Amino acid sequence: ASASASASSALDGLPAVTAIQVMIDDSSGEQLREIPLHEDDEVVFALGPWSDQLRRWFSTFPAGAPYKCQSYRMQPAMPVPAEAVFGYVRDEADELHILEVYPRPDGEVYACAGMHQDAQVPLPDDPAEIAADLDKLAELQHAVGLLSSRLRGGHFVAGTSCYLPTSADQLPIIGRLRARNAYVCTGHSCWGILQSPASGLAVAELLLNGKSTTVDLSPFDPERFCSADK
């Protein structure tokens, strides 16, 4: 009882999220609908590379630019062993490429390049508008060919781009925001698939019990970016 009372008093004076707005696309077209929240409702913001939008409501949330990553699938000209490769290659212009190559069971090979910030093309609001950078894809194909002769001259299947959420210190951002009922889970960069099970469990414990016992979330607290006087 004392622990609950202490936690409650620590939240006194904090604002609360009272409603969320959802874009509904139905037979009548797109409509913005507001859904009021009940007193005991809690909100988890898992916005990925769009996490910077949280600054519209939480001014102390750390600003950060997502990184863009290029990837493509190819059918190699000859069979390759079932071994993932993490490699570094310098091209003829002495540019360093950080590569990941993953052979797939169907014979295709997936390859992606190291992250880069693209100031020329800002992150669109609609994920469907994220377009592949053809020049970067060509650079990626060339670099993969330098990494392995078996991957040169293969059949290009498809290329794409994605954005990765990051933070200033390259650690995830997980914990309570400056609101009684709002939490965030983001900033995992390219390790989101690996870290998502533990992150999801930790956030569930945070919601249900007020703290996580599976993962020490203190290194990931959003408050680590805030000065003491804010």
# chains A, B, ... in the order shown; residues from 1 in each chain; ligands from 1
>>> residues_around(residues="range 147-160 of chain A", least_positions_apart="4", cutoff="9 Å", atoms="only C-alpha atoms", output="count of residues only")
27
>>> residues_around(residues="Gln195 in chain A", least_positions_apart="3", cutoff="12 Å", atoms="only C-alpha atoms", output="ChimeraX atom specification")
/A:171-172,174,185-192,198-202,215
>>> select_by_dssp(residues="range 171-229 of chain A", states="helix (DSSP H, G or I)", output="ChimeraX atom specification")
/A:189-209,218-220,222-225
>>> closest_residue(among="A:Val101, A:Val85, A:Ala204, A:Leu177", to="Arg55 in chain A", atoms="only C-alpha atoms")
A:Leu177
>>> residues_around(residues="Glu129 in chain A", least_positions_apart="3", cutoff="12 Å", atoms="only C-alpha atoms", output="ChimeraX atom specification")
/A:121-126,132,160-163
>>> atom_distance(atom1="CA of Ala19 in chain A", atom2="CA of Leu37 in chain A")
5.0 Å
>>> select_by_dssp(residues="range 41-224 of chain A", states="strand (DSSP E or B)", output="ChimeraX atom specification")
/A:43-45,67-75,85-90,96-103,109-113,116,155-164,173-176,182-186
